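**Q** The structure file run.pdb (PDB, C-alpha atoms) is provided below.
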```
ATOM      1  CA  MET A1212      84.279  83.561  59.652  1.00  0.00           C
ATOM      2  CA  PRO A1213      83.209  86.766  58.004  1.00  0.00           C
ATOM      3  CA  GLN A1214      81.655  88.152  61.199  1.00  0.00           C
ATOM      4  CA  MET A1215      85.056  88.225  62.892  1.00  0.00           C
ATOM      5  CA  ALA A1216      86.950  89.850  60.024  1.00  0.00           C
ATOM      6  CA  PRO A1217      87.558  93.278  61.646  1.00  0.00           C
ATOM      7  CA  ILE A1218      88.889  91.724  64.842  1.00  0.00           C
ATOM      8  CA  SER A1219      92.100  89.769  64.623  1.00  0.00           C
ATOM      9  CA  TRP A1220      92.440  86.524  66.553  1.00  0.00           C
ATOM     10  CA  LEU A1221      95.513  87.805  68.354  1.00  0.00           C
ATOM     11  CA  THR A1222      93.581  90.797  69.657  1.00  0.00           C
ATOM     12  CA  LEU A1223      90.788  88.532  70.884  1.00  0.00           C
ATOM     13  CA  PHE A1224      93.285  86.240  72.569  1.00  0.00           C
ATOM     14  CA  ILE A1225      94.950  89.163  74.346  1.00  0.00           C
ATOM     15  CA  LEU A1226      91.581  90.606  75.365  1.00  0.00           C
ATOM     16  CA  PHE A1227      90.324  87.330  76.868  1.00  0.00           C
ATOM     17  CA  THR A1228      93.659  86.700  78.563  1.00  0.00           C
ATOM     18  CA  VAL A1229      93.631  90.127  80.212  1.00  0.00           C
ATOM     19  CA  ILE A1230      90.017  89.648  81.335  1.00  0.00           C
ATOM     20  CA  PHE A1231      90.873  86.209  82.735  1.00  0.00           C
ATOM     21  CA  ILE A1232      93.889  87.536  84.659  1.00  0.00           C
ATOM     22  CA  LEU A1233      91.927  90.490  86.045  1.00  0.00           C
ATOM     23  CA  PHE A1234      89.102  88.182  87.109  1.00  0.00           C
ATOM     24  CA  ASN A1235      91.535  85.923  88.971  1.00  0.00           C
ATOM     25  CA  ILE A1236      93.277  88.862  90.651  1.00  0.00           C
ATOM     26  CA  MET A1237      89.944  90.284  91.800  1.00  0.00           C
ATOM     27  CA  ASN A1238      88.862  86.917  93.191  1.00  0.00           C
ATOM     28  CA  TYR A1239      92.177  86.504  95.008  1.00  0.00           C
ATOM     29  CA  PHE A1240      91.957  89.880  96.719  1.00  0.00           C
ATOM     30  CA  CYS A1241      88.277  89.421  97.545  1.00  0.00           C
ATOM     31  CA  ILE A1242      89.121  86.182  99.382  1.00  0.00           C
ATOM     32  CA  VAL A1243      92.257  87.496 101.099  1.00  0.00           C
ATOM     33  CA  PHE A1244      90.743  90.735 102.369  1.00  0.00           C
ATOM     34  CA  THR A1245      87.386  89.461 103.591  1.00  0.00           C
ATOM     35  CA  PRO A1246      86.221  91.103 106.799  1.00  0.00           C
ATOM     36  CA  SER A1247      86.942  89.111 109.925  1.00  0.00           C
ATOM     37  CA  SER A1248      84.115  87.182 111.497  1.00  0.00           C
ATOM     38  CA  ASP A1249      82.291  88.271 114.662  1.00  0.00           C
ATOM     39  CA  SER A1250      83.954  85.578 116.771  1.00  0.00           C
ATOM     40  CA  LYS A1251      87.346  87.208 116.261  1.00  0.00           C
ATOM     41  CA  LYS A1252      85.998  90.590 117.294  1.00  0.00           C
ATOM     42  CA  GLU A1253      84.467  89.293 120.511  1.00  0.00           C
ATOM     43  CA  GLY A1254      87.557  87.364 121.533  1.00  0.00           C
ATOM     44  CA  LYS A1255      85.529  84.866 123.556  1.00  0.00           C
ATOM     45  CA  THR A1256      85.587  81.876 121.256  1.00  0.00           C
ATOM     46  CA  GLN A1257      88.717  80.859 119.446  1.00  0.00           C
ATOM     47  CA  LEU A1258      88.775  78.072 116.927  1.00  0.00           C
ATOM     48  CA  THR A1259      91.745  75.766 117.243  1.00  0.00           C
ATOM     49  CA  PRO A1260      93.100  74.389 113.997  1.00  0.00           C
ATOM     50  CA  PRO A1261      93.118  70.620 113.677  1.00  0.00           C
ATOM     51  CA  SER A1262      96.394  68.978 114.604  1.00  0.00           C
ATOM     52  CA  LEU A1263      98.522  67.983 111.671  1.00  0.00           C
ATOM     53  CA  ASN A1264     100.343  65.079 113.304  1.00  0.00           C
ATOM     54  CA  TRP A1265     100.654  62.354 110.734  1.00  0.00           C
ATOM     55  CA  LYS A1266     100.600  58.793 112.000  1.00  0.00           C
ATOM     56  CA  TRP A1267     102.311  56.629 109.421  1.00  0.00           C
TER      57      TRP A1267
END
```
Can I see the file as structure tokens?
**A**
Amino acid sequence: MPQMAPISWLTLFILFTVIFILFNIMNYFCIVFTPSSDSKKEGKTQLTPPSLNWKW
């Protein structure tokens, strides 16, 4: 493709890989460090996790 002549394919691959990794890192830290909900601050209502007892 003549339009892509100045940019090598290896450079494009590295660029898109770095962008992909940065995007995933940002999404991970946005999910991990979300502010806690209001129910945790009040301390009145606590959600109990479902029991994980398997019945085979």
**Q** In Å, with one decimal, what is the gap from atom CA of A:Thr1228 to atom CA of A:Val1243?
**A** 22.6 Å
**Q** What is the atom CA of A:Val1229 to atom CA of A:Thr1245 distance in Å?
**A**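 Result for atom CA of A:Val1229 versus atom CA of A:Thr1245: 24.2 Å, one decimal.
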**Q** What is the atom CA of A:Asn1238-atom CA of A:Thr1222 distance in Å, reported with one decimal?
**A**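 Those two atoms sit 24.3 Å apart.
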